[in-house]
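Data file: model_10.txt. Format and content: compact mmCIF, C-alpha atoms and all ligand atoms.
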```txt
# COMPACT_ATOMS: atom_id res chain seq x y z
CA MET C 1 77.26 70.90 123.31
CA THR C 2 81.02 71.41 123.04
CA SER C 3 82.97 74.58 122.52
CA LEU C 4 86.04 74.78 120.35
CA SER C 5 88.86 76.32 122.38
CA ASN C 6 90.58 77.30 119.12
CA PHE C 7 94.26 77.24 118.34
CA ALA C 8 97.20 78.35 120.43
CA GLY C 9 97.03 82.11 120.54
CA GLY C 10 93.28 82.21 119.95
CA ALA C 11 91.12 82.05 116.84
CA ASP C 12 92.49 85.35 115.58
CA ALA C 13 96.16 84.40 116.06
CA LEU C 14 98.41 86.07 113.48
CA GLU C 15 98.88 83.86 110.44
CA LEU C 16 102.67 84.12 110.24
CA ASN C 17 103.38 83.99 113.99
CA GLY C 18 106.74 82.32 114.60
CA LYS C 19 107.80 82.42 110.94
CA HIS C 20 111.12 83.95 109.98
CA ILE C 21 111.17 85.23 106.41
CA VAL C 22 114.25 86.35 104.54
CA LEU C 23 112.97 88.97 102.11
CA GLY C 24 115.33 89.35 99.16
CA LEU C 25 115.16 92.38 96.87
CA SER C 26 116.74 92.35 93.42
CA GLY C 27 116.79 95.37 91.13
CA GLY C 28 113.51 96.71 89.81
CA ILE C 29 111.09 99.57 90.24
CA ALA C 30 108.81 97.16 92.14
CA CYS C 31 111.23 97.55 95.10
CA TYR C 32 108.86 100.26 96.31
CA LYS C 33 106.22 97.55 96.81
CA ALA C 34 108.70 95.45 98.80
CA ALA C 35 108.57 98.10 101.53
CA GLU C 36 104.83 97.54 101.91
CA LEU C 37 105.27 93.77 101.71
CA CYS C 38 107.82 93.91 104.54
CA ARG C 39 105.31 95.76 106.73
CA ALA C 40 102.54 93.35 105.82
CA LEU C 41 104.64 90.29 106.69
CA ILE C 42 105.53 91.80 110.06
CA LYS C 43 101.91 92.76 110.73
CA ALA C 44 100.98 89.13 110.05
CA GLY C 45 103.38 88.06 112.81
CA ALA C 46 106.56 87.17 110.89
CA THR C 47 110.07 88.38 111.61
CA VAL C 48 111.72 89.68 108.45
CA GLN C 49 115.39 89.83 107.53
CA VAL C 50 116.00 91.91 104.40
CA VAL C 51 118.80 91.11 101.96
CA MET C 52 119.33 93.42 98.96
CA THR C 53 121.38 93.25 95.79
CA GLU C 54 123.42 96.23 94.63
CA ALA C 55 120.84 96.84 91.89
CA ALA C 56 118.01 96.91 94.45
CA GLU C 57 119.87 99.67 96.31
CA GLN C 58 119.44 101.84 93.21
CA PHE C 59 115.67 101.76 93.77
CA ILE C 60 115.20 101.84 97.55
CA THR C 61 117.63 102.39 100.39
CA PRO C 62 118.62 99.82 103.02
CA VAL C 63 117.74 102.53 105.56
CA THR C 64 114.07 102.31 104.57
CA MET C 65 114.07 98.52 104.73
CA GLN C 66 115.92 98.52 108.07
CA ALA C 67 113.40 100.93 109.56
CA LEU C 68 110.48 98.79 108.36
CA SER C 69 111.93 95.41 109.30
CA GLY C 70 113.56 96.54 112.55
CA ARG C 71 116.78 94.74 111.57
CA PRO C 72 119.99 95.82 109.84
CA VAL C 73 119.85 94.96 106.14
CA PHE C 74 122.47 92.69 104.53
CA THR C 75 123.83 93.71 101.15
CA SER C 76 127.29 92.14 100.90
CA GLN C 77 128.81 88.69 101.28
CA TRP C 78 131.81 90.39 102.89
CA ASP C 79 129.73 91.74 105.80
CA ALA C 80 132.08 91.81 108.80
CA ARG C 81 129.16 91.98 111.28
CA GLN C 82 128.96 88.17 111.13
CA ASP C 83 131.48 86.53 113.46
CA ASN C 84 132.25 83.78 110.98
CA ASN C 85 131.89 86.14 107.98
CA MET C 86 129.41 83.73 106.41
CA ALA C 87 126.23 85.75 106.09
CA HIS C 88 125.03 83.50 103.23
CA ILE C 89 125.07 80.45 105.51
CA ASN C 90 123.79 82.07 108.70
CA LEU C 91 120.88 83.90 107.05
CA SER C 92 119.64 80.94 105.06
CA ARG C 93 119.79 78.51 108.01
CA GLU C 94 117.50 80.70 110.14
CA ALA C 95 114.80 81.14 107.49
CA ASP C 96 111.42 79.41 107.27
CA ALA C 97 111.29 80.71 103.69
CA ILE C 98 113.21 83.01 101.37
CA VAL C 99 110.93 85.33 99.40
CA ILE C 100 112.51 87.22 96.50
CA ALA C 101 110.32 90.24 95.76
CA PRO C 102 110.98 91.73 93.32
CA CYS C 103 112.71 88.95 91.43
CA SER C 104 114.18 90.53 88.29
CA ALA C 105 114.73 88.70 84.98
CA ASP C 106 118.46 88.93 85.58
CA PHE C 107 118.19 87.50 89.08
CA MET C 108 116.08 84.60 87.79
CA ALA C 109 118.74 83.84 85.19
CA LYS C 110 121.36 83.90 87.92
CA LEU C 111 119.41 81.52 90.15
CA LEU C 112 118.86 79.21 87.23
CA HIS C 113 122.55 78.84 86.57
CA GLY C 114 123.50 78.55 90.24
CA ARG C 115 125.60 81.69 90.04
CA ALA C 116 126.71 83.10 93.38
CA ASP C 117 128.58 86.36 92.90
CA ASP C 118 126.57 88.46 95.35
CA LEU C 119 125.09 87.80 98.79
CA LEU C 120 121.49 87.19 97.70
CA SER C 121 122.25 84.67 94.94
CA LEU C 122 124.93 83.04 97.10
CA MET C 123 122.46 82.67 99.96
CA CYS C 124 119.81 81.13 97.65
CA LEU C 125 122.33 78.61 96.36
CA ALA C 126 123.54 77.82 99.88
CA ARG C 127 120.07 77.32 101.34
CA PRO C 128 119.15 73.81 102.54
CA ILE C 129 116.90 73.00 99.59
CA ASP C 130 114.64 70.53 101.45
CA THR C 131 113.87 72.70 104.45
CA VAL C 132 114.07 76.31 103.27
CA PRO C 133 111.59 76.99 100.47
CA LEU C 134 112.33 79.67 97.87
CA LEU C 135 109.39 81.82 96.71
CA LEU C 136 109.81 84.13 93.72
CA ALA C 137 107.73 87.18 92.83
CA PRO C 138 108.86 88.09 89.30
CA ALA C 139 108.74 91.76 88.26
CA MET C 140 109.67 93.06 84.83
CA ASN C 141 108.58 94.68 81.60
CA ARG C 142 106.00 92.68 79.62
CA GLU C 143 108.39 91.96 76.71
CA MET C 144 111.04 90.72 79.13
CA TYR C 145 108.43 88.56 80.86
CA ALA C 146 107.11 87.10 77.60
CA HIS C 147 110.61 86.42 76.23
CA PRO C 148 111.22 82.69 75.66
CA ALA C 149 114.36 82.89 77.83
CA THR C 150 112.35 84.18 80.82
CA GLN C 151 109.55 81.68 80.32
CA ARG C 152 112.10 78.86 80.00
CA ASN C 153 113.81 80.03 83.19
CA LEU C 154 110.49 80.11 85.08
CA VAL C 155 109.73 76.51 84.14
CA GLN C 156 113.24 75.34 85.09
CA LEU C 157 113.27 77.23 88.39
CA GLN C 158 110.04 75.50 89.39
CA ALA C 159 111.52 72.15 88.35
CA ASP C 160 114.47 73.02 90.62
CA GLY C 161 112.08 73.43 93.56
CA ALA C 162 111.25 77.16 93.61
CA THR C 163 107.67 78.37 93.97
CA VAL C 164 106.75 81.08 91.47
CA LEU C 165 104.02 83.34 92.86
CA GLY C 166 102.91 84.65 89.46
CA VAL C 167 102.74 88.19 88.10
CA GLY C 168 100.14 90.90 87.82
CA SER C 169 98.85 92.45 84.67
CA GLY C 170 98.27 96.10 83.82
CA PHE C 171 100.03 99.44 83.50
CA GLN C 172 103.80 99.21 83.88
CA ALA C 173 106.33 101.81 85.03
CA CYS C 174 107.78 101.85 81.48
CA GLY C 175 104.42 103.08 80.16
CA GLU C 176 103.49 99.79 78.50
CA THR C 177 100.59 97.57 79.51
CA GLY C 178 100.70 93.79 79.94
CA ASP C 179 101.87 90.89 82.10
CA GLY C 180 104.96 91.15 84.28
CA ARG C 181 104.14 93.61 87.09
CA MET C 182 104.99 92.35 90.53
CA LEU C 183 101.90 91.23 92.45
CA GLU C 184 100.57 93.75 94.96
CA PRO C 185 101.86 93.44 98.56
CA ASP C 186 98.52 92.13 99.83
CA GLU C 187 98.39 89.50 97.08
CA LEU C 188 101.93 88.39 97.93
CA LEU C 189 101.01 88.25 101.62
CA GLN C 190 97.99 86.06 100.80
CA ASP C 191 100.25 83.77 98.76
CA VAL C 192 102.86 83.49 101.52
CA ILE C 193 100.15 82.67 104.09
CA ALA C 194 98.63 80.12 101.71
CA PHE C 195 102.08 78.60 101.17
CA PHE C 196 102.40 77.81 104.88
CA THR C 197 98.81 76.53 105.28
CA PRO C 198 98.44 72.73 105.56
CA LYS C 199 96.73 71.46 102.40
CA VAL C 200 93.84 69.67 104.12
CA LEU C 201 91.55 70.24 101.12
CA ALA C 202 94.03 69.26 98.39
CA GLY C 203 92.22 67.64 95.47
CA GLN C 204 88.81 68.97 96.56
CA ARG C 205 86.70 71.17 94.27
CA LEU C 206 84.55 73.61 96.22
CA LEU C 207 81.54 75.53 95.02
CA ILE C 208 80.55 78.34 97.38
CA THR C 209 77.56 80.69 97.14
CA ALA C 210 77.96 84.07 98.83
CA GLY C 211 76.30 87.42 99.41
CA PRO C 212 72.71 88.53 99.04
CA THR C 213 70.55 88.18 95.94
CA PHE C 214 68.65 91.01 94.30
CA GLU C 215 65.09 90.46 93.12
CA ALA C 216 63.92 93.07 90.65
CA ILE C 217 60.61 94.90 91.09
CA ASP C 218 61.23 97.06 88.04
CA PRO C 219 64.39 98.23 86.18
CA VAL C 220 65.41 100.58 89.01
CA ARG C 221 64.12 98.89 92.17
CA GLY C 222 64.36 95.57 93.86
CA ILE C 223 64.40 93.55 97.07
CA THR C 224 67.64 92.48 98.70
CA ASN C 225 69.02 91.92 102.20
CA LEU C 226 71.88 93.03 104.44
CA SER C 227 74.27 90.16 103.72
CA SER C 228 77.74 91.54 102.88
CA GLY C 229 79.17 88.32 101.43
CA LYS C 230 82.15 88.54 103.79
CA MET C 231 81.68 85.09 105.34
CA GLY C 232 81.41 83.40 101.93
CA PHE C 233 84.45 85.25 100.59
CA ALA C 234 86.39 84.30 103.74
CA MET C 235 85.38 80.66 103.20
CA ALA C 236 86.63 80.86 99.61
CA ARG C 237 89.96 82.31 100.71
CA ALA C 238 90.43 79.78 103.52
CA ALA C 239 89.56 76.86 101.24
CA ARG C 240 92.01 78.01 98.59
CA GLU C 241 94.71 78.41 101.25
CA ALA C 242 93.99 74.80 102.22
CA GLY C 243 94.67 73.63 98.65
CA ALA C 244 91.15 73.39 97.20
CA ASP C 245 90.04 74.47 93.75
CA VAL C 246 87.42 77.10 94.55
CA THR C 247 84.58 78.62 92.54
CA LEU C 248 82.58 81.40 94.16
CA VAL C 249 79.08 82.25 92.92
CA ALA C 250 78.57 85.74 94.29
CA GLY C 251 75.47 87.88 94.54
CA PRO C 252 75.80 91.68 94.24
CA VAL C 253 78.69 92.61 96.55
CA SER C 254 81.72 94.81 96.00
CA LEU C 255 84.32 92.59 97.67
CA PRO C 256 87.63 91.78 95.97
CA THR C 257 87.97 88.20 94.70
CA PRO C 258 90.31 86.16 96.93
CA ARG C 259 93.60 85.10 95.26
CA GLY C 260 93.32 82.04 93.05
CA VAL C 261 89.52 81.80 93.33
CA ALA C 262 87.26 81.64 90.25
CA ARG C 263 84.26 83.95 90.57
CA ILE C 264 80.88 84.06 88.85
CA ASP C 265 78.79 87.15 89.58
CA VAL C 266 75.02 86.76 89.66
CA LYS C 267 72.11 88.97 90.64
CA SER C 268 68.92 87.10 91.45
CA ALA C 269 68.21 83.81 93.22
CA SER C 270 67.25 82.30 89.83
CA ASN C 271 70.61 83.43 88.34
CA MET C 272 72.40 81.88 91.33
CA LEU C 273 70.54 78.60 90.94
CA GLU C 274 71.35 78.47 87.19
CA ALA C 275 75.06 79.11 87.84
CA VAL C 276 75.17 76.45 90.56
CA ILE C 277 73.35 73.83 88.47
CA LEU C 278 75.75 74.46 85.60
CA ILE C 279 78.92 73.72 87.57
CA ILE C 280 77.89 71.58 90.54
CA LYS C 281 78.74 68.37 88.66
CA ASP C 282 82.45 69.21 88.99
CA ALA C 283 82.27 69.91 92.74
CA THR C 284 83.10 67.64 95.67
CA VAL C 285 81.97 70.15 98.32
CA PHE C 286 79.08 72.64 98.17
CA ILE C 287 78.94 75.44 100.75
CA ALA C 288 75.84 77.64 100.71
CA THR C 289 76.71 80.83 102.59
CA ALA C 290 74.50 83.05 100.42
CA ALA C 291 71.55 84.83 101.95
CA VAL C 292 69.24 83.90 99.09
CA ALA C 293 66.02 85.91 98.91
CA ASP C 294 63.13 83.64 99.81
CA TRP C 295 60.67 85.40 97.50
CA ARG C 296 60.78 87.39 94.27
CA PRO C 297 58.15 89.69 92.74
CA ASP C 298 55.87 87.51 90.62
CA ALA C 299 55.78 89.86 87.64
CA PRO C 300 58.60 92.44 87.62
CA SER C 301 57.76 95.42 85.47
CA ASP C 302 59.81 96.12 82.30
CA GLN C 303 59.42 99.81 82.94
CA LYS C 304 59.83 101.91 86.05
CA ILE C 305 56.60 101.85 88.03
CA LYS C 306 55.42 105.47 88.27
CA LYS C 307 53.30 107.14 90.93
CA ASP C 308 49.87 107.77 89.40
CA GLY C 309 48.93 110.59 91.77
CA SER C 310 46.20 108.57 93.47
CA GLY C 311 48.25 107.97 96.62
CA GLN C 312 47.80 104.20 96.14
CA SER C 313 50.88 101.99 96.48
CA PRO C 314 51.46 99.34 93.83
CA GLN C 315 50.22 95.84 94.63
CA LEU C 316 53.11 93.41 94.53
CA ALA C 317 52.61 89.65 94.43
CA PHE C 318 55.48 87.30 95.31
CA VAL C 319 56.52 83.76 94.41
CA GLU C 320 58.90 81.62 96.40
CA ASN C 321 62.43 81.10 95.07
CA GLN C 322 63.65 77.56 94.66
CA ASP C 323 65.88 76.44 97.53
CA ILE C 324 69.35 76.06 95.99
CA LEU C 325 70.88 74.18 98.91
CA ALA C 326 67.97 71.76 99.28
CA THR C 327 68.00 71.14 95.51
CA VAL C 328 71.72 70.34 95.50
CA ALA C 329 71.38 68.21 98.65
CA GLN C 330 68.81 66.02 96.84
CA SER C 331 71.17 65.33 93.90
CA ALA C 332 72.51 61.84 93.30
CA ALA C 333 76.06 63.03 94.05
CA ALA C 334 75.06 64.36 97.47
CA LYS C 335 73.01 61.27 98.27
CA SER C 336 75.90 58.96 97.36
CA GLY C 337 78.37 60.91 99.50
CA ALA C 338 80.40 62.12 96.48
CA LEU C 339 79.31 65.70 97.23
CA PHE C 340 79.53 67.04 100.80
CA CYS C 341 76.96 69.80 101.43
CA VAL C 342 77.27 72.53 104.05
CA GLY C 343 74.45 74.96 104.77
CA PHE C 344 74.37 78.18 106.74
CA ALA C 345 71.45 79.45 108.77
CA ALA C 346 70.85 83.09 109.48
CA GLU C 347 68.54 83.22 112.49
CA SER C 348 67.33 85.97 114.76
CA HIS C 349 66.50 83.77 117.79
CA ASP C 350 66.51 80.16 119.16
CA LEU C 351 69.68 79.38 117.22
CA HIS C 352 70.09 75.76 118.43
CA GLU C 353 66.57 74.63 117.69
CA ASN C 354 66.26 76.51 114.41
CA ALA C 355 69.66 75.36 113.11
CA GLN C 356 69.06 71.69 113.92
CA ALA C 357 65.57 71.82 112.38
CA LYS C 358 66.95 73.54 109.28
CA ARG C 359 69.70 70.93 108.89
CA LEU C 360 67.13 68.14 108.88
CA ARG C 361 64.79 70.05 106.59
CA LYS C 362 67.55 70.77 104.06
CA ASP C 363 68.97 67.26 104.52
CA VAL C 364 72.63 68.31 104.84
CA PRO C 365 75.31 66.66 107.01
CA LEU C 366 76.58 69.98 108.39
CA LEU C 367 74.83 73.26 109.02
CA VAL C 368 76.45 76.42 110.39
CA GLY C 369 74.16 78.69 112.36
CA ASN C 370 74.65 82.35 113.20
CA ILE C 371 72.57 85.25 114.43
CA GLY C 372 72.06 87.30 111.27
CA PRO C 373 71.48 90.75 112.81
CA ASP C 374 74.66 90.34 114.94
CA THR C 375 76.89 89.71 111.95
CA PHE C 376 75.48 91.07 108.70
CA GLY C 377 78.03 93.51 107.25
CA GLN C 378 80.54 92.98 110.05
CA ASP C 379 84.03 91.46 110.02
CA HIS C 380 83.34 89.24 113.03
CA ASN C 381 80.90 86.47 113.76
CA ALA C 382 80.17 83.62 116.18
CA LEU C 383 79.08 80.26 114.80
CA LEU C 384 77.23 77.17 115.89
CA LEU C 385 78.01 73.98 114.01
CA VAL C 386 75.26 71.37 113.99
CA ASP C 387 75.59 67.88 112.60
CA GLY C 388 74.25 64.38 113.29
CA GLN C 389 76.35 64.16 116.47
CA GLY C 390 75.20 67.39 118.10
CA SER C 391 76.47 70.94 118.14
CA THR C 392 79.73 72.82 118.58
CA GLU C 393 80.18 76.50 119.32
CA MET C 394 82.81 78.60 117.61
CA PRO C 395 83.22 81.74 119.76
CA ARG C 396 83.28 85.20 118.26
CA ALA C 397 86.29 85.84 116.01
CA SER C 398 87.06 87.37 112.64
CA LYS C 399 85.19 85.78 109.74
CA LEU C 400 88.51 84.72 108.20
CA ALA C 401 89.63 82.98 111.41
CA LEU C 402 86.25 81.23 111.66
CA ALA C 403 86.43 80.26 107.99
CA ARG C 404 89.84 78.67 108.56
CA GLN C 405 88.47 76.65 111.48
CA LEU C 406 85.47 75.62 109.43
CA VAL C 407 87.71 74.44 106.62
CA LYS C 408 89.42 72.11 109.10
CA GLU C 409 86.07 70.86 110.37
CA ILE C 410 84.88 70.19 106.82
CA ALA C 411 88.16 68.45 105.89
CA GLN C 412 87.89 66.15 108.92
CA ARG C 413 84.34 65.16 107.96
CA ILE C 414 85.23 64.56 104.29
CA HIS C 415 88.20 62.41 105.19
CA LYS C 416 86.09 60.34 107.60
CA THR C 417 83.56 59.37 104.88
N1 LIG U 1 69.31 78.73 100.77
C1 LIG U 1 69.39 78.45 99.42
N2 LIG U 1 68.37 78.82 98.60
C2 LIG U 1 67.30 79.46 99.07
C3 LIG U 1 67.22 79.78 100.44
C4 LIG U 1 68.24 79.41 101.27
O1 LIG U 1 70.38 77.85 98.98
N3 LIG U 1 66.35 79.81 98.23
C5 LIG U 1 70.39 78.28 101.65
C6 LIG U 1 71.24 79.38 102.24
O2 LIG U 1 72.34 79.68 101.41
C7 LIG U 1 71.66 78.75 103.56
C8 LIG U 1 70.48 77.88 103.95
O3 LIG U 1 69.79 77.62 102.74
O4 LIG U 1 72.77 77.90 103.41
C9 LIG U 1 69.56 78.49 104.94
O5 LIG U 1 69.17 79.78 104.56
P1 LIG U 1 68.26 80.68 105.51
O6 LIG U 1 67.98 81.96 104.79
O7 LIG U 1 68.86 80.74 106.87
O8 LIG U 1 66.99 79.80 105.67
P2 LIG U 1 65.72 79.63 104.80
O9 LIG U 1 65.81 78.34 104.06
O10 LIG U 1 65.49 80.83 103.96
O11 LIG U 1 64.60 79.47 105.91
P3 LIG U 1 63.94 80.62 106.86
O12 LIG U 1 63.90 81.89 106.07
O13 LIG U 1 62.60 80.07 107.15
O14 LIG U 1 64.78 80.72 108.08
```

Encoded form (structure tokens):
Amino acid sequence: MTSLSNFAGGADALELNGKHIVLGLSGGIACYKAAELCRALIKAGATVQVVMTEAAEQFITPVTMQALSGRPVFTSQWDARQDNNMAHINLSREADAIVIAPCSADFMAKLLHGRADDLLSLMCLARPIDTVPLLLAPAMNREMYAHPATQRNLVQLQADGATVLGVGSGFQACGETGDGRMLEPDELLQDVIAFFTPKVLAGQRLLITAGPTFEAIDPVRGITNLSSGKMGFAMARAAREAGADVTLVAGPVSLPTPRGVARIDVKSASNMLEAVILIIKDATVFIATAAVADWRPDAPSDQKIKKDGSGQSPQLAFVENQDILATVAQSAAAKSGALFCVGFAAESHDLHENAQAKRLRKDVPLLVGNIGPDTFGQDHNALLLVDGQGSTEMPRASKLALARQLVKEIAQRIHKT
């Protein structure tokens, strides 16, 4: 058995360690979210240099951004603090990426035309276009966002090499409701991390099951288990970061959907099977992280089962649920190698033996074992990978860090076949 020693800095190394981000703020009420984004980027390991337009200073002060970033903020191209008086050159040469958040409609129009009459636009124009990516987080009123001029500008900016991170939808500061809000700081952070992640799963379509299932006894009661869905959701996030198209079939959990992931909510094992069967034909990788209930009540009652005063408990009979993973693993696509199947095994003891036996029984090339009671509901886990070659331990780390390692392991195996 081998043990993965993980990456430099350990499995839980900060995602943006070593990255230097220039965070540009143009004018908009969403500047208040830029403060939170700045903190989030730093918490993820990045160093952040803030540059603000004059309009941005109307919404938030450079003092706030300096305090959060730990660096003096630049606002003017005539800043005498730079020995050569060329802040636009110096700042853009140091950056691993320039993130404009918020990016106003006016600032987009400026970028589009290559205008350079303030430090931020000047710096964007002066950036080495091949080595310093430009990421834009638009923020504006819904009518401004929908305007043909804005939409035209968005298309052209992407053609010119910028990455547009999208917008949120909902209540706007102006009182209207629609598309155009700046994405939330955590969503932007997820997008920036994804931007820097190597795209080892580009072109792959992943279907992932996650969470517990709920098997009804009557309309108000049922049988479920302690699975939180966190490992499956972490897998979905890590796979999307690595460039895959991801669909998540989730049992009853209250976790937020990872950015850019399609989600289908289901309740019972039968619902989960139906959803999987419906979309598996489009998938190239199937990952079964769900803790599917093994049995369901044979004849759930339409009405709440009442106590009859006799002191007798109701007699419940059970039938076995179909094994979703084993069913998919027997499909022609899986047999031909067009669909790579990954199973999980929640065990309470004898992890090696049980995981290897389960892999053979389910007929999957890769099975990931863990001790269920040690991990259900928690943010951390330790994994054991078993395949035809043997087994590999992944020491305890956050589920997201483990998911990212697993994505690499899966990518290596897909690219070998
Ligand atoms: N699985 C599934 N459908 C089922 C049961 C399990 O797809 N009806 C999948 C799980 O998502 C997991 C793998 O099979 O990827 C193993 O699940 P686990 O609960 O550990 O094993 P079981 O097959 O239920 O076997 P046992 O309860 O005997 O350990």

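In this comparison, which uses only C-alpha atoms, the residue of C:Leu207, C:Val167, C:Ala44, C:Val132 approaching Val328 of chain C most closely is C:Leu207.
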
Using only C-alpha atoms and all ligand atoms, find each residue in chain C having at least one atom no more than 7 Å away from ligand LIG 1 (chain U); report its shortest atom-to-atom pair and that distance in Å (one decimal), rows by chain then rising number, as a Markdown table.
```
| residue | atom | partner | partner_atom | distance |
| --- | --- | --- | --- | --- |
| C:Thr209 | CA | U:LIG1 | O2 | 6.8 |
| C:Ala269 | CA | U:LIG1 | N3 | 6.7 |
| C:Ala288 | CA | U:LIG1 | O4 | 4.1 |
| C:Thr289 | CA | U:LIG1 | O2 | 4.7 |
| C:Ala290 | CA | U:LIG1 | O2 | 4.1 |
| C:Ala291 | CA | U:LIG1 | O2 | 5.2 |
| C:Val292 | CA | U:LIG1 | C3 | 4.8 |
| C:Ala293 | CA | U:LIG1 | N3 | 6.1 |
| C:Asp294 | CA | U:LIG1 | N3 | 5.2 |
| C:Asn321 | CA | U:LIG1 | N3 | 5.2 |
| C:Gln322 | CA | U:LIG1 | N3 | 5.0 |
| C:Asp323 | CA | U:LIG1 | N3 | 3.5 |
| C:Ile324 | CA | U:LIG1 | O1 | 3.6 |
| C:Leu325 | CA | U:LIG1 | O1 | 3.7 |
| C:Ala326 | CA | U:LIG1 | O1 | 6.6 |
| C:Gly343 | CA | U:LIG1 | O4 | 3.6 |
| C:Phe344 | CA | U:LIG1 | O4 | 3.7 |
| C:Ala345 | CA | U:LIG1 | O7 | 3.5 |
| C:Ala346 | CA | U:LIG1 | O7 | 4.0 |
| C:Glu347 | CA | U:LIG1 | O7 | 6.2 |
```

* Residue with smallest distance to Pro72 of chain C - pool C:Val51, C:Ile279, C:Met144, C:Ala56, counting all atoms listed in the file -> C:Val51

Given 4 Å on each side, where is the centre and what are the edge lengths in Å to one decimal of the axis-aligned box enclosing the listed atoms of segment 61-72 of chain C, as AutoDock Vina command-line options?
```
--center_x 115.2 --center_y 98.6 --center_z 106.5 --size_x 17.5 --size_y 15.8 --size_z 20.2
```

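Close contacts of Gly390 of chain C, defined as residues with an atom at most 12 Å away when counting all atoms listed in the file, with chain neighbours fewer than 4 positions off set aside, comprise Met1, Thr2, Ser3, His352, Glu353, Ala355, Gln356, Arg359, Pro365, Leu366, Leu367, Val368, Leu384, Leu385 and Val386 of chain C.
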
Give me the residues near Phe286 of chain C as a PDB file with C-alpha atoms, in the frame of the given file, where near means some atom within 8 Å (using all atoms listed in the file) and where sequence neighbours in that chain fewer than 4 positions away do not count.
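Heads up, here's the output in out_23.pdb:
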```pdb
ATOM      1  CA  LEU C 206      84.550  73.610  96.220  1.00  0.00           C
ATOM      2  CA  LEU C 207      81.540  75.530  95.020  1.00  0.00           C
ATOM      3  CA  ILE C 208      80.550  78.340  97.380  1.00  0.00           C
ATOM      4  CA  ILE C 280      77.890  71.580  90.540  1.00  0.00           C
ATOM      5  CA  LEU C 339      79.310  65.700  97.230  1.00  0.00           C
ATOM      6  CA  PHE C 340      79.530  67.040 100.800  1.00  0.00           C
ATOM      7  CA  CYS C 341      76.960  69.800 101.430  1.00  0.00           C
ATOM      8  CA  VAL C 342      77.270  72.530 104.050  1.00  0.00           C
TER       9      VAL C 342
END
```

* Would you kindly return, as an NGL selection string, each protein, DNA or RNA residue with an atom no farther than 9 Å from any atom of Gly180 of chain C, considering all atoms listed in the file and excluding same-chain residues fewer than 5 positions away? => :C and (138-146 or 166-170 or 172)

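Contact shell of Pro300 of chain C at 10 Å (all atoms listed in the file; same-chain neighbours under 6 positions omitted): C:Glu215, C:Ala216, C:Ile217, C:Asp218, C:Pro219, C:Arg221, C:Gly222, C:Leu316, C:Ala317, C:Phe318.
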
* Find the spatial neighbours of Asp265 of chain C, counting only C-alpha atoms, within a cut-off of 12 Å - ignore same-chain residues fewer than 5 positions away - and output them as a list in words. => Ile208, Thr209, Ala210, Gly211, Pro212, Thr213, Phe214, Gly229, Thr247, Leu248, Val249, Ala250, Gly251, Pro252, Val253, Ser254, Leu255, Pro256, Thr257, Asn271, Met272, Leu273, Glu274, Ala275 and Val276 of chain C

* Separation of atom CA of Ala242 of chain C from atom CA of Ala329 of chain C in Å -> 23.8 Å

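One finds atom CA of Ala35 of chain C at 7.1 Å from atom CA of Leu68 of chain C.
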
Counting all atoms listed in the file, give me one row per residue of segment 118-228 of chain C with an atom at most 10 Å from an atom of segment 393-416 of chain C, showing the shortest contact pair and its distance in Å to one decimal, sorted by chain then residue number, as JSON lines.
```
{"residue": "C:Thr197", "atom": "CA", "partner": "C:Arg404", "partner_atom": "CA", "distance": 9.8}
{"residue": "C:Pro198", "atom": "CA", "partner": "C:Lys408", "partner_atom": "CA", "distance": 9.7}
{"residue": "C:Lys199", "atom": "CA", "partner": "C:Ala411", "partner_atom": "CA", "distance": 9.7}
{"residue": "C:Val200", "atom": "CA", "partner": "C:Ala411", "partner_atom": "CA", "distance": 6.1}
{"residue": "C:Leu201", "atom": "CA", "partner": "C:Ala411", "partner_atom": "CA", "distance": 6.1}
{"residue": "C:Ala202", "atom": "CA", "partner": "C:Ala411", "partner_atom": "CA", "distance": 9.6}
{"residue": "C:Gln204", "atom": "CA", "partner": "C:Ala411", "partner_atom": "CA", "distance": 9.4}
```

Would you save the residues from that selection as a CSV table (one decimal), in the coordinates of the input, using C-alpha atoms?
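File produced: selection-v6.csv:
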```csv
chain,number,residue,atom,x,y,z
C,197,THR,CA,98.8,76.5,105.3
C,198,PRO,CA,98.4,72.7,105.6
C,199,LYS,CA,96.7,71.5,102.4
C,200,VAL,CA,93.8,69.7,104.1
C,201,LEU,CA,91.6,70.2,101.1
C,202,ALA,CA,94.0,69.3,98.4
C,204,GLN,CA,88.8,69.0,96.6
```

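Proximity to Ala159 of chain C was assessed for C:Ala30, C:Leu119, C:Val319, C:Leu112 counting all atoms listed in the file; the smallest distance is recorded for C:Leu112.
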